[in-house]
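Participant: query-v5.cif is the file, holding mmCIF, C-alpha atoms:
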data_entry
#
loop_
_atom_site.label_atom_id
_atom_site.label_comp_id
_atom_site.auth_asym_id
_atom_site.auth_seq_id
_atom_site.Cartn_x
_atom_site.Cartn_y
_atom_site.Cartn_z
CA MET A 1 145.85 64.76 63.91
CA THR A 2 142.75 62.68 63.13
CA ARG A 3 140.84 63.37 59.93
CA VAL A 4 137.46 62.25 58.65
CA ALA A 5 136.05 62.56 55.12
CA LEU A 6 132.36 63.49 55.22
CA ALA A 7 129.90 62.96 52.36
CA PHE A 8 128.90 66.62 52.22
CA SER A 9 125.93 68.21 50.47
CA GLY A 10 125.53 71.35 52.51
CA GLY A 11 122.07 70.17 53.55
CA LEU A 12 120.78 69.97 57.09
CA ASP A 13 122.08 66.49 57.92
CA THR A 14 125.65 66.97 56.74
CA THR A 15 125.84 70.53 58.07
CA VAL A 16 125.03 69.26 61.56
CA CYS A 17 127.43 66.34 61.11
CA VAL A 18 130.45 68.66 60.74
CA SER A 19 130.01 69.96 64.28
CA LEU A 20 129.10 66.57 65.72
CA LEU A 21 132.17 64.87 64.25
CA LYS A 22 134.34 67.33 66.16
CA GLU A 23 132.30 67.70 69.35
CA GLU A 24 131.01 64.15 69.85
CA TYR A 25 133.61 62.06 68.02
CA GLY A 26 136.73 64.11 68.68
CA TYR A 27 138.05 64.42 65.12
CA ASP A 28 140.50 67.25 64.63
CA GLU A 29 139.64 67.91 61.01
CA VAL A 30 136.60 67.29 58.84
CA ILE A 31 137.05 67.21 55.07
CA GLY A 32 133.91 67.68 53.02
CA VAL A 33 133.49 65.74 49.79
CA THR A 34 130.79 66.67 47.30
CA VAL A 35 130.44 64.40 44.29
CA ASP A 36 129.00 65.80 41.08
CA VAL A 37 126.43 63.38 39.66
CA GLY A 38 124.50 66.06 37.81
CA GLN A 39 123.17 68.32 40.54
CA PRO A 40 122.27 71.95 39.74
CA ALA A 41 125.16 74.43 39.98
CA THR A 42 123.41 76.16 42.88
CA GLU A 43 123.89 73.07 45.04
CA PHE A 44 127.66 73.27 44.66
CA GLU A 45 127.56 76.97 45.45
CA GLU A 46 125.50 76.27 48.55
CA ALA A 47 127.79 73.44 49.61
CA GLN A 48 130.84 75.67 49.20
CA ALA A 49 129.22 78.49 51.14
CA THR A 50 128.29 76.11 53.96
CA ALA A 51 131.78 74.60 53.99
CA ASP A 52 133.31 78.07 54.13
CA ALA A 53 131.04 79.03 57.01
CA HIS A 54 132.18 75.90 58.84
CA GLY A 55 135.82 76.53 57.95
CA ILE A 56 136.32 73.12 56.34
CA ASP A 57 137.96 72.15 53.08
CA LEU A 58 135.56 71.00 50.37
CA HIS A 59 136.60 68.62 47.61
CA VAL A 60 134.32 68.49 44.56
CA VAL A 61 134.66 65.36 42.42
CA ASP A 62 133.15 65.17 38.94
CA ALA A 63 131.61 61.70 38.52
CA THR A 64 128.90 62.56 36.00
CA ALA A 65 130.42 60.39 33.27
CA GLU A 66 130.62 57.33 35.52
CA PHE A 67 127.11 57.94 36.80
CA VAL A 68 125.46 58.31 33.39
CA ASP A 69 127.23 55.16 32.20
CA LEU A 70 125.58 53.27 35.06
CA CYS A 71 122.22 54.90 34.27
CA PHE A 72 122.49 53.73 30.66
CA ASP A 73 123.32 50.23 31.92
CA SER A 74 120.06 50.45 33.85
CA VAL A 75 118.22 51.30 30.63
CA ARG A 76 119.56 48.15 28.98
CA ALA A 77 118.26 46.27 32.04
CA ASN A 78 114.87 48.07 31.95
CA ALA A 79 115.60 48.74 35.61
CA THR A 80 112.77 50.06 37.73
CA TYR A 81 112.00 49.48 41.39
CA GLN A 82 108.31 49.14 42.24
CA GLY A 83 107.53 51.04 39.08
CA TYR A 84 109.93 53.99 39.12
CA PRO A 85 113.37 54.41 37.49
CA LEU A 86 116.35 53.97 39.78
CA GLY A 87 118.16 57.26 40.36
CA THR A 88 119.33 57.98 43.89
CA ALA A 89 120.13 54.29 44.36
CA LEU A 90 122.51 54.23 41.40
CA ALA A 91 124.20 57.47 42.40
CA ARG A 92 125.17 56.32 45.88
CA PRO A 93 127.82 53.70 44.95
CA ILE A 94 129.38 56.19 42.52
CA ILE A 95 129.47 58.84 45.25
CA ALA A 96 130.79 56.39 47.84
CA GLU A 97 133.69 55.28 45.63
CA SER A 98 134.68 58.89 44.97
CA ILE A 99 134.69 59.71 48.67
CA VAL A 100 136.94 56.74 49.44
CA SER A 101 139.40 57.97 46.80
CA VAL A 102 139.54 61.45 48.35
CA ALA A 103 139.82 60.04 51.88
CA LYS A 104 142.80 57.92 50.95
CA ALA A 105 144.49 60.76 49.07
CA GLU A 106 144.02 63.04 52.09
CA ASN A 107 145.22 60.42 54.61
CA CYS A 108 141.90 60.30 56.45
CA ASP A 109 141.24 57.88 59.27
CA ALA A 110 137.50 57.59 58.77
CA LEU A 111 134.53 58.07 56.47
CA ALA A 112 131.25 59.65 57.58
CA HIS A 113 127.78 60.15 56.16
CA GLY A 114 124.65 61.94 57.34
CA CYS A 115 122.17 59.13 56.73
CA THR A 116 119.57 58.16 59.28
CA GLY A 117 119.11 54.64 60.60
CA LYS A 118 115.80 54.30 58.76
CA GLY A 119 116.86 54.85 55.16
CA ASN A 120 118.51 52.97 52.33
CA ASP A 121 121.48 55.25 51.73
CA GLN A 122 123.35 54.15 54.86
CA LEU A 123 123.46 50.63 53.38
CA ARG A 124 124.46 51.78 49.92
CA PHE A 125 127.33 53.93 51.19
CA GLU A 126 128.61 51.38 53.64
CA ALA A 127 128.49 48.48 51.19
CA VAL A 128 131.28 50.33 49.38
CA TRP A 129 133.06 51.84 52.36
CA ARG A 130 133.39 48.63 54.33
CA ASN A 131 135.64 47.31 51.59
CA SER A 132 138.21 49.85 52.80
CA ASP A 133 140.22 49.79 56.01
CA LEU A 134 138.77 53.12 57.15
CA THR A 135 136.43 53.58 60.12
CA VAL A 136 132.80 54.20 59.15
CA ILE A 137 130.83 56.78 61.14
CA ALA A 138 127.13 57.64 60.94
CA PRO A 139 126.41 60.43 63.48
CA ILE A 140 122.69 60.84 62.76
CA ARG A 141 122.10 57.10 63.13
CA GLU A 142 124.46 56.48 66.01
CA LEU A 143 123.21 59.44 68.07
CA GLU A 144 119.58 58.65 67.14
CA LEU A 145 118.85 62.20 66.04
CA THR A 146 115.54 63.41 64.61
CA ARG A 147 115.10 66.02 61.90
CA GLU A 148 113.40 68.32 64.41
CA TRP A 149 116.41 68.04 66.74
CA GLU A 150 118.76 68.82 63.87
CA GLN A 151 116.79 71.93 62.91
CA GLU A 152 116.86 73.17 66.52
CA TYR A 153 120.57 72.37 66.82
CA ALA A 154 121.35 74.24 63.60
CA ALA A 155 119.36 77.25 64.79
CA GLU A 156 120.95 77.29 68.26
CA HIS A 157 124.47 77.05 66.79
CA ASN A 158 123.72 79.48 63.96
CA LEU A 159 124.71 76.85 61.38
CA PRO A 160 124.07 77.62 57.72
CA VAL A 161 121.45 75.24 56.36
CA GLN A 162 120.64 74.60 52.71
CA ALA A 163 117.93 71.94 52.62
CA GLY A 164 115.30 72.88 50.08
CA ASN A 165 112.25 74.95 51.09
CA ASP A 166 113.96 75.93 54.33
CA GLY A 167 114.37 72.32 55.31
CA VAL A 168 110.68 71.37 54.98
CA TRP A 169 111.43 68.80 52.26
CA SER A 170 114.38 66.48 51.91
CA ILE A 171 115.42 66.83 48.27
CA ASP A 172 118.02 64.83 46.39
CA THR A 173 118.86 65.71 42.80
CA ASN A 174 121.08 64.07 40.24
CA LEU A 175 121.24 63.86 36.46
CA TRP A 176 118.78 60.96 36.32
CA SER A 177 116.17 61.85 38.94
CA ARG A 178 114.96 64.25 41.58
CA SER A 179 113.45 62.93 44.81
CA ILE A 180 111.32 64.83 47.33
CA GLU A 181 110.39 63.41 50.73
CA GLY A 182 109.87 64.34 54.36
CA GLY A 183 107.75 67.01 56.01
CA LYS A 184 104.04 66.78 55.27
CA LEU A 185 104.79 64.21 52.55
CA GLU A 186 105.20 61.68 55.35
CA ASP A 187 101.39 61.67 55.47
CA PRO A 188 100.32 59.26 52.67
CA ASN A 189 97.07 61.20 52.27
CA TYR A 190 98.72 64.61 51.88
CA THR A 191 98.48 66.05 48.38
CA PRO A 192 101.82 67.65 47.51
CA PRO A 193 101.72 71.26 46.32
CA GLU A 194 102.72 71.91 42.74
CA ASP A 195 105.82 73.80 43.85
CA VAL A 196 107.56 70.62 45.05
CA TYR A 197 108.17 69.84 41.37
CA GLU A 198 110.90 71.61 39.42
CA TRP A 199 111.66 69.38 36.44
CA THR A 200 108.15 68.65 35.22
CA ALA A 201 105.23 70.78 34.15
CA ASP A 202 101.83 69.94 35.57
CA PRO A 203 100.61 67.11 33.30
CA ALA A 204 97.08 68.50 33.55
CA THR A 205 98.15 71.71 31.83
CA THR A 206 100.26 70.20 29.04
CA THR A 207 98.03 70.21 25.98
CA GLU A 208 100.63 70.23 23.21
CA THR A 209 102.05 67.05 21.71
CA GLU A 210 105.51 66.41 20.28
CA LEU A 211 107.20 63.57 18.43
CA ILE A 212 110.88 62.74 18.86
CA THR A 213 112.99 59.85 17.62
CA ILE A 214 115.55 58.20 19.89
CA GLY A 215 118.36 56.15 18.41
CA PHE A 216 119.95 53.15 20.14
CA GLU A 217 123.14 51.22 19.49
CA SER A 218 123.49 47.86 21.27
CA GLY A 219 120.87 48.99 23.76
CA TYR A 220 122.55 52.31 24.57
CA PRO A 221 120.79 55.61 23.73
CA VAL A 222 122.94 57.60 21.30
CA SER A 223 120.81 60.15 19.45
CA ILE A 224 117.72 62.32 19.41
CA ASN A 225 116.11 63.12 16.07
CA ASP A 226 119.18 61.74 14.27
CA ASN A 227 121.48 64.14 16.16
CA ALA A 228 124.23 62.39 18.11
CA TYR A 229 124.70 63.38 21.76
CA ASP A 230 127.18 62.39 24.39
CA PRO A 231 125.42 60.60 27.26
CA VAL A 232 125.26 63.54 29.68
CA GLU A 233 123.94 65.94 27.02
CA LEU A 234 121.38 63.40 25.87
CA VAL A 235 119.94 63.03 29.37
CA GLU A 236 119.95 66.77 30.01
CA THR A 237 118.18 67.41 26.71
CA LEU A 238 115.51 64.80 27.37
CA ASN A 239 114.97 66.02 30.93
CA GLU A 240 114.12 69.42 29.51
CA VAL A 241 112.02 68.29 26.54
CA ALA A 242 110.10 65.54 28.32
CA GLY A 243 109.77 67.61 31.49
CA GLU A 244 107.98 70.35 29.55
CA HIS A 245 105.32 67.76 28.72
CA GLY A 246 104.92 66.69 32.35
CA VAL A 247 106.58 63.32 31.78
CA GLY A 248 108.13 61.40 34.65
CA ARG A 249 106.32 62.06 37.91
CA THR A 250 105.94 59.33 40.52
CA ASP A 251 104.09 59.60 43.85
CA MET A 252 104.31 56.30 45.66
CA MET A 253 104.56 54.27 48.83
CA GLU A 254 107.98 52.65 48.60
CA ASP A 255 109.21 49.59 50.47
CA ARG A 256 112.70 50.26 51.77
CA MET A 257 115.32 47.61 52.41
CA LEU A 258 114.77 47.77 56.17
CA GLY A 259 111.11 46.88 55.74
CA LEU A 260 109.67 50.36 56.27
CA LYS A 261 107.14 51.88 53.91
CA VAL A 262 107.85 55.51 53.00
CA ARG A 263 106.13 58.17 50.92
CA GLU A 264 108.30 59.22 47.99
CA ASN A 265 107.86 61.71 45.18
CA TYR A 266 110.14 61.53 42.14
CA GLU A 267 110.76 63.35 38.89
CA HIS A 268 112.54 61.46 36.11
CA PRO A 269 111.53 62.70 32.63
CA ALA A 270 114.58 61.50 30.66
CA ALA A 271 114.72 58.17 32.46
CA THR A 272 111.03 57.48 31.82
CA THR A 273 111.39 58.36 28.14
CA LEU A 274 114.48 56.23 27.57
CA LEU A 275 113.13 53.23 29.45
CA ASN A 276 109.88 53.33 27.47
CA ALA A 277 111.76 53.66 24.19
CA HIS A 278 114.23 50.91 24.98
CA LYS A 279 111.55 48.44 25.97
CA ALA A 280 109.68 49.20 22.75
CA LEU A 281 112.79 48.47 20.68
CA GLU A 282 113.41 45.22 22.55
CA GLY A 283 109.84 44.25 21.70
CA LEU A 284 110.73 44.52 18.03
CA VAL A 285 114.06 42.70 17.96
CA LEU A 286 114.04 40.10 20.75
CA THR A 287 112.26 36.77 20.58
CA LYS A 288 109.47 35.92 22.99
CA ASP A 289 111.73 33.49 24.86
CA GLU A 290 114.43 36.14 25.26
CA ARG A 291 111.93 38.72 26.45
CA ASP A 292 110.30 36.32 28.93
CA PHE A 293 113.64 35.27 30.42
CA LYS A 294 115.06 38.80 30.40
CA ARG A 295 112.24 40.01 32.64
CA HIS A 296 113.71 37.86 35.42
CA ILE A 297 117.24 39.11 34.68
CA ASP A 298 116.05 42.72 34.64
CA SER A 299 114.22 42.28 37.94
CA GLU A 300 117.34 40.91 39.64
CA TRP A 301 119.46 43.73 38.16
CA ALA A 302 117.00 46.33 39.45
CA GLN A 303 116.93 44.79 42.93
CA LYS A 304 120.72 44.79 43.22
CA GLY A 305 120.80 48.32 41.79
CA TYR A 306 118.25 49.46 44.37
CA GLU A 307 120.38 47.96 47.11
CA GLY A 308 123.44 49.80 45.82
CA LEU A 309 125.23 46.51 45.17
CA VAL A 310 126.31 47.28 41.61
CA ASP A 311 129.65 45.53 42.18
CA HIS A 312 128.05 42.31 43.41
CA PRO A 313 129.28 39.19 41.56
CA LEU A 314 125.70 38.45 40.51
CA MET A 315 125.67 41.71 38.55
CA ASP A 316 128.52 40.48 36.35
CA ALA A 317 126.53 37.37 35.50
CA LEU A 318 123.36 39.37 34.81
CA GLU A 319 125.30 41.79 32.63
CA GLY A 320 126.60 38.86 30.60
CA PHE A 321 123.07 37.88 29.56
CA ILE A 322 121.99 41.49 29.04
CA ASP A 323 125.00 42.23 26.86
CA ALA A 324 124.30 39.19 24.69
CA THR A 325 120.72 40.29 24.05
CA GLN A 326 121.58 43.95 23.51
CA GLN A 327 123.85 43.33 20.53
CA ARG A 328 120.71 43.36 18.37
CA VAL A 329 118.98 46.23 20.14
CA THR A 330 120.03 48.80 17.57
CA GLY A 331 117.51 51.04 15.85
CA THR A 332 115.15 53.94 16.45
CA VAL A 333 111.99 54.50 18.44
CA THR A 334 109.54 57.36 17.91
CA ILE A 335 108.13 58.71 21.15
CA LYS A 336 105.01 60.84 21.42
CA PHE A 337 104.83 63.24 24.35
CA GLU A 338 101.22 63.73 25.26
CA GLY A 339 99.41 64.47 28.51
CA GLY A 340 102.32 63.64 30.78
CA GLN A 341 103.11 60.41 28.91
CA ALA A 342 106.07 59.33 26.78
CA ARG A 343 104.43 56.79 24.50
CA PRO A 344 106.25 54.74 21.86
CA VAL A 345 104.38 55.13 18.57
CA GLY A 346 106.95 53.74 16.11
CA ARG A 347 110.05 51.53 16.08
CA GLU A 348 112.53 50.45 13.41
CA SER A 349 115.54 48.11 13.36
CA ALA A 350 117.50 46.13 10.81
CA ALA A 351 117.57 43.33 13.40
CA ALA A 352 113.80 43.12 13.82
CA ALA A 353 112.44 39.67 14.61
CA TYR A 354 109.41 40.64 12.58
CA SER A 355 108.13 40.13 9.06
CA ALA A 356 105.40 42.40 7.74
CA ASP A 357 104.52 39.86 5.04
CA ALA A 358 104.22 37.06 7.58
CA ALA A 359 102.05 39.07 9.97
CA SER A 360 99.87 40.75 7.33
CA PHE A 361 96.22 39.80 6.96
CA ASN A 362 96.65 40.39 3.24
CA THR A 363 98.96 37.41 2.66
CA SER A 364 97.65 33.86 2.66
CA SER A 365 100.90 32.02 3.32
CA ILE A 366 104.32 32.39 4.91
CA GLY A 367 106.80 30.83 2.50
CA GLU A 368 105.99 27.13 2.48
CA ILE A 369 103.66 27.50 5.48
CA THR A 370 99.97 27.88 4.66
CA GLN A 371 97.12 28.97 6.91
CA GLN A 372 95.72 25.43 6.79
CA ASP A 373 98.91 24.18 8.47
CA ALA A 374 97.66 25.79 11.69
CA THR A 375 94.65 23.46 11.82
CA GLY A 376 96.54 20.63 13.51
CA ILE A 377 97.98 22.99 16.10
CA ALA A 378 94.54 24.42 16.77
CA LYS A 379 93.16 20.92 17.40
CA TYR A 380 95.86 20.12 19.96
CA HIS A 381 95.78 23.55 21.64
CA GLY A 382 94.08 23.15 25.02
CA TYR A 383 93.54 19.43 24.48
CA GLN A 384 94.84 18.34 27.88
CA GLY A 385 92.65 20.88 29.60
CA ARG A 386 89.59 19.61 27.77
CA ILE A 387 90.38 16.05 28.94
CA ALA A 388 90.76 17.25 32.55
CA ASN A 389 87.51 19.21 32.43
CA ALA A 390 85.66 16.23 30.95
CA ALA A 391 86.99 13.94 33.72
CA THR A 392 85.88 16.39 36.40
CA GLU A 393 82.39 16.61 34.91
CA THR A 394 82.17 12.78 34.91
CA ASP A 395 83.16 12.59 38.61
CA THR A 396 80.50 15.09 39.66
CA LYS A 397 77.65 13.25 37.97
#
Reformat the file's structure so that it appears as structure tokens.
Facilitator:
Amino acid sequence: MTRVALAFSGGLDTTVCVSLLKEEYGYDEVIGVTVDVGQPATEFEEAQATADAHGIDLHVVDATAEFVDLCFDSVRANATYQGYPLGTALARPIIAESIVSVAKAENCDALAHGCTGKGNDQLRFEAVWRNSDLTVIAPIRELELTREWEQEYAAEHNLPVQAGNDGVWSIDTNLWSRSIEGGKLEDPNYTPPEDVYEWTADPATTTETELITIGFESGYPVSINDNAYDPVELVETLNEVAGEHGVGRTDMMEDRMLGLKVRENYEHPAATTLLNAHKALEGLVLTKDERDFKRHIDSEWAQKGYEGLVDHPLMDALEGFIDATQQRVTGTVTIKFEGGQARPVGRESAAAAYSADAASFNTSSIGEITQQDATGIAKYHGYQGRIANAATETDTK
């Protein structure tokens, strides 16, 4: 008997894949695997109902702890891709690893996903899966199916479909972010209706302000208003609080790994808040040289994270630098929620690379350094440029 483990959400793509894996690929048994990375409980209920309707076994794996750990690593790396916090990208390697574990435990011959040939997720899943000795199958990609074909197929075969708004939008939710794409959103000029958003209030209607204080230890978020939280609870709490203020919406044209531009809408209130707070604390404790160099490190980390290559050897090297800088990133940041923004308005750390006395306009000297000592520096500053400009003026006369 041949068996295949399918990354199963209960959505349109994976629902159709169950039938295709049997009819088109000849597998005797399909095992569904749903990995918990912080989705709403209703999604697990829908996945179970769909699996039951298909008559397949469904394995649910709790990977929320592993996922939030990676998300907090992304905070230390200030990781954003083209301006938005990584969410779906970071979840995929976690999900892929969990599915491999189930497949091996259940003696499966193959692994399957419902990704198209145009998206990023096929690459993120398969970067993990191709380290195993199991066959990798991608029915939607390999059979070149369209979403319209899938909807017709599901209707003709009376397949249960749970795909958000009756399949109009393609929605992916995890603890860190919620993405909405497809349907009319494929038109870059289409204004999305307010009901596509679930985590965030309309920023235009949020008139109240709120201050909160976020505590960090070695770059990791650990507390809100001096109350300690475990990582999952901290993110859930901030998603609710920041979301009520309309924080964390992104509507963008995103460049995928295959070179396609796509319209994406995201919600990420906790991620936005934590990234803003962390960067503010780094601004207080890190030197200019560290901050300048870390921008390059952070950019490389974010790129590899976007690609789903979190186990790439380069990531170990990047993490080495990040870890060295983060040892001093301990302290608190006060965030003001206002008009859809999470704005740092205060920061404090015992490791601050800052001296109020030195920076104050009310002090005339800094230890043995006097204001007059800056005169020589001021004379040299821009000197070479002045010489070059003078030479150019001479040549043109």
Participant: Could you pull the residues within 12 Å of Phe72 in chain A, counting all atoms listed in the file, minus those fewer than 3 positions along the same chain, as a PyMOL selection string?
Facilitator: chain A and resi 65-69+75-79+85-87+90+175-176+216-222+230-232+234-235+270-271+274-275+278
Participant: Go ahead and compute the interatomic distance for CA of Cys71 in chain A and CA of Leu6 in chain A, in Å to one decimal.
Facilitator: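 Answer for the CA of Cys71 in chain A to CA of Leu6 in chain A separation: 24.8 Å.
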Participant: Work out how far CA of Gly308 in chain A is from CA of Gly283 in chain A, in Å to one decimal.
Facilitator: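 These atoms are spaced 28.2 Å apart.
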Participant: So what do you get for CA of Asp36 in chain A versus CA of Thr64 in chain A, distance-wise?
Facilitator: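 Here the two named atoms are 6.0 Å from each other.
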Participant: Could you give me the centre and size, in Å to one decimal, of an axis-aligned box around all listed atoms of range 322-330 of chain A with 8 Å added on every side, as JSON?
Facilitator:
{"center_x": 122.0, "center_y": 44.0, "center_z": 23.3, "size_x": 22.0, "size_y": 25.6, "size_z": 27.5}
Participant: Name all residues at most 7 Å from range 109-116 of chain A (count only C-alpha atoms; drop same-chain ones fewer than 4 positions away) and give them as a list of chain:residue names.
Facilitator: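 Contacts, in chain order: A:Thr2, A:Arg3, A:Val4, A:Ala5, A:Leu6, A:Ala7, A:Asp13, A:Thr14, A:Cys17, A:Asp121, A:Gln122, A:Leu134, A:Thr135, A:Val136, A:Ile137, A:Ala138, A:Pro139, A:Ile140, A:Arg141.
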Participant: Considering only C-alpha atoms, can you say which of A:Asn265, A:Asn107, A:Thr213, A:Asn227 comes closest to Leu185 in chain A?
Facilitator: A:Asn265
Participant: Can you list, as a PyMOL selection string, the residues that the PyMOL selection byres ((chain A and resi 307) around 10) selects here?
Facilitator: chain A and resi 89-90+92-93+120-121+123-124+127+256-257+301-306+308-310
Participant: Please determine, counting all atoms listed in the file, which residue among A:Glu236, A:Gly117, A:Gln327, A:Glu29 has the shortest atom-to-atom distance to Leu143 in chain A.
Facilitator: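 Counting all atoms listed in the file, the residue closest to Leu143 in chain A is A:Gly117.
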Participant: Determine the nearest neighbour of Glu264 in chain A from the options A:Thr191, A:Gln384, A:Thr205, A:Asn174, counting all atoms listed in the file.
Facilitator: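 Answer, going by the shortest atom-to-atom distance: A:Thr191.
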Participant: Enumerate, as a list in words, the residues matched when the PyMOL selection byres ((chain A and resi 153-155) around 12) is run on the file above.
Facilitator: Gly11, Leu12, Asp13, Thr14, Thr15, Val16, Cys17, Val18, Ser19, Leu20, His54, Leu145, Thr146, Arg147, Glu148, Trp149, Glu150, Gln151, Glu152, Glu156, His157, Asn158, Leu159, Pro160, Val161, Gln162, Ala163, Asp166 and Gly167 of chain A
Participant: With only C-alpha atoms as the counted atoms, please give the residues lying no more than 8 Å from Thr207 in chain A, apart from itself and same-chain residues fewer than 3 positions off, as a ChimeraX atom specification.
Facilitator: /A:204,338-339
Participant: Between A:Ala356, A:Leu58, A:Ala374, A:Leu281, which one has atoms that come closest to Arg328 in chain A, using all atoms listed in the file?
Facilitator: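 Smallest distance to Arg328 in chain A is found for A:Leu281.
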Participant: Under the PyMOL selection byres ((chain A and resi 181) around 12), which residues of this model are included? Write them out as a compact mmCIF listing (two decimals) with C-alpha atoms, in the frame of the given file.
Facilitator:
# COMPACT_ATOMS: atom_id res chain seq x y z
CA GLY A 119 116.86 54.85 55.16
CA ALA A 163 117.93 71.94 52.62
CA GLY A 164 115.30 72.88 50.08
CA ASN A 165 112.25 74.95 51.09
CA GLY A 167 114.37 72.32 55.31
CA VAL A 168 110.68 71.37 54.98
CA TRP A 169 111.43 68.80 52.26
CA SER A 170 114.38 66.48 51.91
CA ILE A 171 115.42 66.83 48.27
CA ASP A 172 118.02 64.83 46.39
CA THR A 173 118.86 65.71 42.80
CA ARG A 178 114.96 64.25 41.58
CA SER A 179 113.45 62.93 44.81
CA ILE A 180 111.32 64.83 47.33
CA GLY A 182 109.87 64.34 54.36
CA GLY A 183 107.75 67.01 56.01
CA LYS A 184 104.04 66.78 55.27
CA LEU A 185 104.79 64.21 52.55
CA GLU A 186 105.20 61.68 55.35
CA ASP A 187 101.39 61.67 55.47
CA PRO A 188 100.32 59.26 52.67
CA TYR A 190 98.72 64.61 51.88
CA PRO A 192 101.82 67.65 47.51
CA VAL A 196 107.56 70.62 45.05
CA TYR A 197 108.17 69.84 41.37
CA THR A 250 105.94 59.33 40.52
CA ASP A 251 104.09 59.60 43.85
CA MET A 252 104.31 56.30 45.66
CA MET A 253 104.56 54.27 48.83
CA GLU A 254 107.98 52.65 48.60
CA VAL A 262 107.85 55.51 53.00
CA ARG A 263 106.13 58.17 50.92
CA GLU A 264 108.30 59.22 47.99
CA ASN A 265 107.86 61.71 45.18
CA TYR A 266 110.14 61.53 42.14
CA GLU A 267 110.76 63.35 38.89
Participant: Go through A:Asp52, A:Asp73, A:Glu45, A:Glu233 and flag the residue nearest Ile31 in chain A, using all atoms listed in the file for the distances.
Facilitator: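 Looking only at the distances to Ile31 in chain A, the closest residue turns out to be A:Asp52.
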Participant: Taking all atoms listed in the file into account, which of A:Ser101, A:Thr80, A:Gln341, A:Thr287 comes nearest Thr325 in chain A?
Facilitator: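 Ranked by minimum distance to Thr325 in chain A, first place goes to A:Thr287.
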Participant: Where atoms are missing, can you supply N, CA, C and O atoms for range 191-202 of chain A and output the lot as a PDB file, keeping the file's coordinate frame?
Facilitator:
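Saved file selection15.pdb follows:
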ATOM      1  N   THR A 191      98.278  65.743  49.799  1.00  0.00           N
ATOM      2  CA  THR A 191      98.480  66.050  48.380  1.00  0.00           C
ATOM      3  C   THR A 191      99.596  67.073  48.251  1.00  0.00           C
ATOM      4  O   THR A 191      99.477  68.195  48.769  1.00  0.00           O
ATOM      5  N   PRO A 192     100.698  66.718  47.587  1.00  0.00           N
ATOM      6  CA  PRO A 192     101.820  67.650  47.510  1.00  0.00           C
ATOM      7  C   PRO A 192     101.476  68.883  46.683  1.00  0.00           C
ATOM      8  O   PRO A 192     100.776  68.780  45.664  1.00  0.00           O
ATOM      9  N   PRO A 193     101.946  70.042  47.113  1.00  0.00           N
ATOM     10  CA  PRO A 193     101.720  71.260  46.320  1.00  0.00           C
ATOM     11  C   PRO A 193     102.522  71.200  45.032  1.00  0.00           C
ATOM     12  O   PRO A 193     103.539  70.505  44.944  1.00  0.00           O
ATOM     13  N   GLU A 194     102.072  71.934  44.046  1.00  0.00           N
ATOM     14  CA  GLU A 194     102.720  71.910  42.740  1.00  0.00           C
ATOM     15  C   GLU A 194     104.162  72.395  42.810  1.00  0.00           C
ATOM     16  O   GLU A 194     105.014  71.988  42.016  1.00  0.00           O
ATOM     17  N   ASP A 195     104.473  73.234  43.807  1.00  0.00           N
ATOM     18  CA  ASP A 195     105.820  73.800  43.850  1.00  0.00           C
ATOM     19  C   ASP A 195     106.891  72.828  44.343  1.00  0.00           C
ATOM     20  O   ASP A 195     108.077  73.189  44.394  1.00  0.00           O
ATOM     21  N   VAL A 196     106.505  71.584  44.711  1.00  0.00           N
ATOM     22  CA  VAL A 196     107.560  70.620  45.050  1.00  0.00           C
ATOM     23  C   VAL A 196     108.248  70.124  43.785  1.00  0.00           C
ATOM     24  O   VAL A 196     109.338  69.560  43.852  1.00  0.00           O
ATOM     25  N   TYR A 197     107.609  70.310  42.640  1.00  0.00           N
ATOM     26  CA  TYR A 197     108.170  69.840  41.370  1.00  0.00           C
ATOM     27  C   TYR A 197     108.928  70.972  40.674  1.00  0.00           C
ATOM     28  O   TYR A 197     108.447  72.104  40.618  1.00  0.00           O
ATOM     29  N   GLU A 198     110.083  70.630  40.144  1.00  0.00           N
ATOM     30  CA  GLU A 198     110.900  71.610  39.420  1.00  0.00           C
ATOM     31  C   GLU A 198     111.209  71.177  37.991  1.00  0.00           C
ATOM     32  O   GLU A 198     111.390  72.011  37.115  1.00  0.00           O
ATOM     33  N   TRP A 199     111.260  69.890  37.760  1.00  0.00           N
ATOM     34  CA  TRP A 199     111.660  69.380  36.440  1.00  0.00           C
ATOM     35  C   TRP A 199     110.486  69.182  35.498  1.00  0.00           C
ATOM     36  O   TRP A 199     110.678  69.116  34.287  1.00  0.00           O
ATOM     37  N   THR A 200     109.289  69.033  36.046  1.00  0.00           N
ATOM     38  CA  THR A 200     108.150  68.650  35.220  1.00  0.00           C
ATOM     39  C   THR A 200     107.008  69.644  35.333  1.00  0.00           C
ATOM     40  O   THR A 200     106.663  70.103  36.427  1.00  0.00           O
ATOM     41  N   ALA A 201     106.431  69.960  34.170  1.00  0.00           N
ATOM     42  CA  ALA A 201     105.230  70.780  34.150  1.00  0.00           C
ATOM     43  C   ALA A 201     104.055  69.954  34.655  1.00  0.00           C
ATOM     44  O   ALA A 201     104.083  68.719  34.622  1.00  0.00           O
ATOM     45  N   ASP A 202     103.033  70.632  35.125  1.00  0.00           N
ATOM     46  CA  ASP A 202     101.830  69.940  35.570  1.00  0.00           C
ATOM     47  C   ASP A 202     101.223  69.199  34.382  1.00  0.00           C
ATOM     48  O   ASP A 202     100.831  69.822  33.385  1.00  0.00           O
TER      49      ASP A 202
END
